[in-house]
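Notes for the one structure printed next.
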Amino acid sequence: MTPSSNRTEHPDHLTYFVEGMDCASCVQTVERMVATLPGTSEVKTSFTKQTLTLHLDEGQTPRGTLEKNLKSLGYAPALLGPAAPAGPQGHDLHASDHAGHTHEVAPAGTPWYRTGQGRLVVVSGALLALAWLLGFFQPSLSTAGYIAATLLGVWPLAKKALASARLGDPFSINMLVSLAAIGAVAIGEAAEGAVVVFFFAVGELLEGVAAGRARAGIQALAALAPKTALLLDGSQPREVPADTLQVGQTVQVNPGARVPADGTILTGTSSLDDSPVTGESVPVVKGPGDAVYAGSINTDGTLQLRVDKAAADNTIARIIHMVEEAEGSKAPTARFIDRFSRYYTPGIVLVSALVALVPPLFFGGLWHDWLYKGISLLLIGCPCALVLSVPASITSAISAGTRRGLLIKGGAALEAIGSVTTIAFDKTGTLTAGKPRVTDIVGEQLGRAEILRLAAAVESGSSHPLAKAITAAAQQDGVTIPAAQDAQALPGKGASATVEGRALSVSSPRHAAALAPLSPALLSNITQFEEQGRTAVVLLEGAAPLGVLAIRDEPRPDARAALARLKALGIQTVMLTGDNTRTGQAIARDLGLDVQAELLPEDKLRLIAIYKAQGGVAMVGDGINDAPALAQSDVGIAMGGGTDVALETADAALLRERVSGVADLVDLSRATMSNIKVNIAFALGLKAIFLVTTLLGYTNLWMAILADTGATALVTANALRLLRWKGQAAPVHPAPHPDAAVPA
């Protein structure tokens, strides 16, 4: 994956930290402004990170114009350069813009009362309290105090409202509140006008606090990787900055220390606590050859490991990048709410104007009473809670999932996962552990060791799990593997190479039989292996078979329970595998799902298209061959230990490498959509109630603003509940051994 620190790779690709853009309505305001500027494209915003990323053709719109517009809306843009550190805490706190000015950005973790919005709430609240107290001693000064509190609170809102109107968005939330507050003062209701702007400021502060809560989890993740590492470049380890480690170097990790980089253990065995990274609660014993994550805690033994990935591309950087990218992908529901609010807000202004003007002009109503009701409707109609209802839930859900090893690339993916009707699984490395081993070798004319030696030579350059099983068996038996030339992969068929001048290949029995007939004895062995759930591969010289190797990859311990859970959720499950039909059926029968076997990559694409047309499909895989199917499915899900290509193509990833993570994703998606529906019901329901009671004269401005702020508080609190989501602890039952299902 592309690390976040390298995102500003082209001069027209800009990323800004936009101080103050910390709520959903702020993001909406900025997006609408940017949409009016010629030469802008690929616009992405995040209110949790307060960032704006876009391509800008400065021949059409200079960046100075963009920054000036942002400032006129009340935000402080700070350009983040290409050298900015990765992660949410990687903002250049004193980043210079093109003109050499410096913008000081409030550091992460700043208390709410030290932010600009916090200071506004404190000062306007103090003025409001002072005016109320003056009412007991000096009533004439009390009114002046209320007017002062109103003007203080409405001034920044009015500035933003006028800037929005000038930049093409006249019906902003700020405009509604400004009109209501100024109107209240104009009709002699200064006290209520002061309360209006105070509670609105409190509501905006709540949105900022909610965004901060969601942001905190990612900031904590960024702090997981240690700052230093013990580099072994001689007899004694020396301490170096962890971000200077290079691929291929060797580091030492002492007991109790955190792993400084993604790597592979060279020497030592220890229990590693991966919970900070994957959410896995039980420490895992790892030894030579096992992969480790940056940020994991080494609990007991001393380890030496080879660095496999630089700091900018380790697991933590990938997680942060995926979460950052998730912010820019809006759920369909969020896009609908955005479109709806474009018409809803002008409609509210029109209705308010009609309520304020029609009765006095045509029916003899009292101007004061109907103006008061019109102003109240402006406040009731503020779409703050409605605009917040979707992104607050999505952000909380993505943060909750990330802490439990479920990485989701965006709201669109999160919404889609819960609505699919079919989930298709790859077999090797997905439903199975991806650690196959050679169980049997049968030769036609050669002995076991010779077949293993030649097959390992052909497969020596491949990273396929079956190839690794063959080379591992050769190494375990002490077989010397000869060099291979002209090695190449045959997708869906096998691999070929020239070894000691001989044209050899290791292929599937189906492909081998297409080249030349197989002997009855060989076919009998292949059939027996496949009926036992093993994968058989044939070693060929040209078209002549030399022998058969049987390889078995055991199902993951939680696979059967996870698939049963998906079935209980009403989802059809199917295994798509390039393996032979008998092996596929043996494993599918034990796990309890349908199977489509002997598939080439293009066959998987065809089946994915069919399932997609039948109501939506998610694909779960881990290999290069799975990448096209992951991309074509409605939702692609990659096992965390899979290839970079699969992880890059997928919409979500499972760091725990458990099949139960797929069921957790469905559960999280459905919990999120239920949360969103409740939020929308809160937002619209409260407005409907107060709309009726205001027109009937039962509610006043105080209650109207409480309806808006109250709905915002309810929506925020409800969305934050998703941060406590923990998923379902599914029982782990080892799948029955394939041999048990078939008589020997």
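Residues are referred to by chain and number: the chain letter is A, B, ... according to the order shown in the structure tokens, the number counts from 1 in that chain, and ligands are numbered separately from 1 in the order shown.
Using only C-alpha atoms, the protein and nucleic acid residues lying no more than 9 Å from Leu406 (chain A), apart from those fewer than 4 places from it along its own chain, are A:Thr278, A:Gly279, A:Ile398, A:Ala400, A:Gly401, A:Thr402, A:Ala652, A:Ala653, A:Leu654, A:Leu655, A:Arg656, A:Gly661, A:Val662, A:Asp664, A:Leu665.
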**Residues near Ala457 (chain A), cut-off 7 Å, only C-alpha atoms, skip fewer than 2 positions along chain, as JSON, numbers by chain** = {"A": [453, 454, 455, 459, 460, 481, 482, 483, 484, 499]}
Considering only C-alpha atoms, return as a PDB file with C-alpha atoms, in the first residue's frame whatever protein or nucleic-acid residues lie within 8 Å of region 575-577 of chain A, sequence-local ones (same chain, fewer than 6 positions apart) excluded.
```pdb
ATOM      1  CA  ALA A 424     -17.431 -16.387  -1.729  1.00  0.00           C
ATOM      2  CA  PHE A 425     -14.226 -17.750  -0.185  1.00  0.00           C
ATOM      3  CA  ASP A 426     -10.934 -18.730  -1.724  1.00  0.00           C
ATOM      4  CA  LYS A 427      -9.638 -21.991  -0.211  1.00  0.00           C
ATOM      5  CA  THR A 428      -5.872 -21.921   0.309  1.00  0.00           C
ATOM      6  CA  GLY A 584     -12.806 -29.127  -2.876  1.00  0.00           C
ATOM      7  CA  ALA A 588     -16.499 -28.033   1.687  1.00  0.00           C
ATOM      8  CA  LEU A 593     -20.599 -24.713   2.460  1.00  0.00           C
ATOM      9  CA  ASP A 594     -21.081 -24.989  -1.305  1.00  0.00           C
ATOM     10  CA  VAL A 595     -18.099 -25.340  -3.636  1.00  0.00           C
ATOM     11  CA  GLN A 596     -17.066 -24.477  -7.186  1.00  0.00           C
ATOM     12  CA  ALA A 597     -13.767 -26.182  -8.023  1.00  0.00           C
ATOM     13  CA  GLU A 598     -11.147 -26.422 -10.795  1.00  0.00           C
ATOM     14  CA  LEU A 599     -11.517 -22.694 -11.479  1.00  0.00           C
ATOM     15  CA  LYS A 604     -13.851 -16.890 -10.596  1.00  0.00           C
TER      16      LYS A 604
END
```
**Message:** With only C-alpha atoms as the counted atoms, please give the residues lying no more than 8 Å from Asn675 (chain A), apart from itself and same-chain residues fewer than 2 positions off, as number ranges by chain.
**Reply:** A: 393, 671-673, 677-679, 718-719
**Message:** Give me, as a PyMOL selection string, the residues of region 267-468 of chain A that a backbone DSSP run labels strand (DSSP E or B).
**Reply:** chain A and resi 267+270-273+284-286+291-292+297-298+303-307+406-408+422-425+432+437-443
Per residue of region 306-397 of chain A within 9 Å of region 182-201 of chain A, which atom pair is closest and at what distance in Å (one decimal), using only C-alpha atoms, listed by chain and increasing number, as JSON lines?
```
{"residue": "A:His368", "atom": "CA", "partner": "A:Ile187", "partner_atom": "CA", "distance": 6.6}
{"residue": "A:Leu371", "atom": "CA", "partner": "A:Ile187", "partner_atom": "CA", "distance": 7.9}
{"residue": "A:Tyr372", "atom": "CA", "partner": "A:Ala184", "partner_atom": "CA", "distance": 7.3}
{"residue": "A:Ile375", "atom": "CA", "partner": "A:Gly183", "partner_atom": "CA", "distance": 6.8}
{"residue": "A:Leu379", "atom": "CA", "partner": "A:Val196", "partner_atom": "CA", "distance": 8.3}
```
Just write the chosen residues, N, CA, C and O atoms, as a PDB file, in the first residue's frame.
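So the final result, stored in part18.pdb, reads:
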```
ATOM      1  N   HIS A 368     -45.248  40.343  15.544  1.00  0.00           N
ATOM      2  CA  HIS A 368     -44.303  39.815  16.533  1.00  0.00           C
ATOM      3  C   HIS A 368     -44.455  38.310  16.671  1.00  0.00           C
ATOM      4  O   HIS A 368     -43.471  37.556  16.651  1.00  0.00           O
ATOM      5  N   LEU A 371     -43.430  36.462  13.317  1.00  0.00           N
ATOM      6  CA  LEU A 371     -41.977  36.555  13.113  1.00  0.00           C
ATOM      7  C   LEU A 371     -41.247  35.629  14.091  1.00  0.00           C
ATOM      8  O   LEU A 371     -40.268  34.966  13.739  1.00  0.00           O
ATOM      9  N   TYR A 372     -41.749  35.595  15.324  1.00  0.00           N
ATOM     10  CA  TYR A 372     -41.167  34.728  16.359  1.00  0.00           C
ATOM     11  C   TYR A 372     -41.246  33.262  15.923  1.00  0.00           C
ATOM     12  O   TYR A 372     -40.280  32.500  16.027  1.00  0.00           O
ATOM     13  N   ILE A 375     -38.813  32.568  13.040  1.00  0.00           N
ATOM     14  CA  ILE A 375     -37.435  32.434  13.530  1.00  0.00           C
ATOM     15  C   ILE A 375     -37.239  31.072  14.202  1.00  0.00           C
ATOM     16  O   ILE A 375     -36.208  30.409  14.032  1.00  0.00           O
ATOM     17  N   LEU A 379     -34.548  27.655  13.306  1.00  0.00           N
ATOM     18  CA  LEU A 379     -33.699  26.877  14.215  1.00  0.00           C
ATOM     19  C   LEU A 379     -34.076  25.404  14.208  1.00  0.00           C
ATOM     20  O   LEU A 379     -33.215  24.523  14.199  1.00  0.00           O
TER      21      LEU A 379
END
```
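With distances restricted to only C-alpha atoms, A:Leu266 is the closest residue to Thr302 (chain A) from A:Leu591, A:Ile608, A:Ala472, A:Leu266.
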**Message:** I'd like to know which residues of region 488-598 of chain A are helix (DSSP H, G or I) (by DSSP, run on the backbone); could you write them as a ChimeraX atom specification?
**Reply:** /A:509-515,520-531,559-568,581-591
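The shortest atom-to-atom distance to Leu205 (chain A), with only C-alpha atoms taken into account, belongs to A:Gly20 out of A:Gly20, A:Gly301, A:Pro255, A:Pro332.
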**Message:** What's around Leu231 (chain A) at 6 Å? Count only C-alpha atoms, leave out sequence neighbours fewer than 5 positions away in its own chain, and write the answer as a ChimeraX atom specification.
**Reply:** /A:237-238,251
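Here CA of Ser508 (chain A) and CA of Val537 (chain A) stand 5.0 Å from one another.
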**Non-local contacts of region 625-629 of chain A (12 Å; only C-alpha atoms; under 3 positions in same chain excluded) as a ChimeraX atom specification** = /A:423-430,463-464,489-493,576-578,599-612,617-622,632-639,642-651
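Using only C-alpha atoms, the contacts of Gly447 (chain A) at a cut-off of 12 Å, with sequence neighbours closer than 4 positions omitted, comprise Ile441, Val442, Gly443, Ile451, Leu452, Arg453, Leu454, Leu546, Gly547, Val548 and Leu549 of chain A.
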Filtering to C-alpha atoms, could you give me those residues as a PDB file, in the first residue's frame?
```
ATOM      1  CA  ILE A 441       5.064 -38.857  -2.749  1.00  0.00           C
ATOM      2  CA  VAL A 442       4.484 -41.588  -5.327  1.00  0.00           C
ATOM      3  CA  GLY A 443       6.925 -42.088  -8.248  1.00  0.00           C
ATOM      4  CA  ILE A 451      10.888 -36.504  -7.268  1.00  0.00           C
ATOM      5  CA  LEU A 452      11.024 -34.139  -4.320  1.00  0.00           C
ATOM      6  CA  ARG A 453      14.383 -32.721  -5.485  1.00  0.00           C
ATOM      7  CA  LEU A 454      13.168 -31.959  -9.011  1.00  0.00           C
ATOM      8  CA  LEU A 546       7.359 -38.727 -13.282  1.00  0.00           C
ATOM      9  CA  GLY A 547       5.372 -38.850 -10.053  1.00  0.00           C
ATOM     10  CA  VAL A 548       2.680 -37.382  -7.803  1.00  0.00           C
ATOM     11  CA  LEU A 549       2.977 -35.321  -4.624  1.00  0.00           C
TER      12      LEU A 549
END
```
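Here CA of Ala416 (chain A) is placed at a distance of 15.3 Å from CA of Pro391 (chain A).
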**Item:** Pick from A:Ser172, A:Thr143, A:Ser164, A:Ser376 nearest to Met703 (chain A), counting only C-alpha atoms
**Value:** A:Ser376
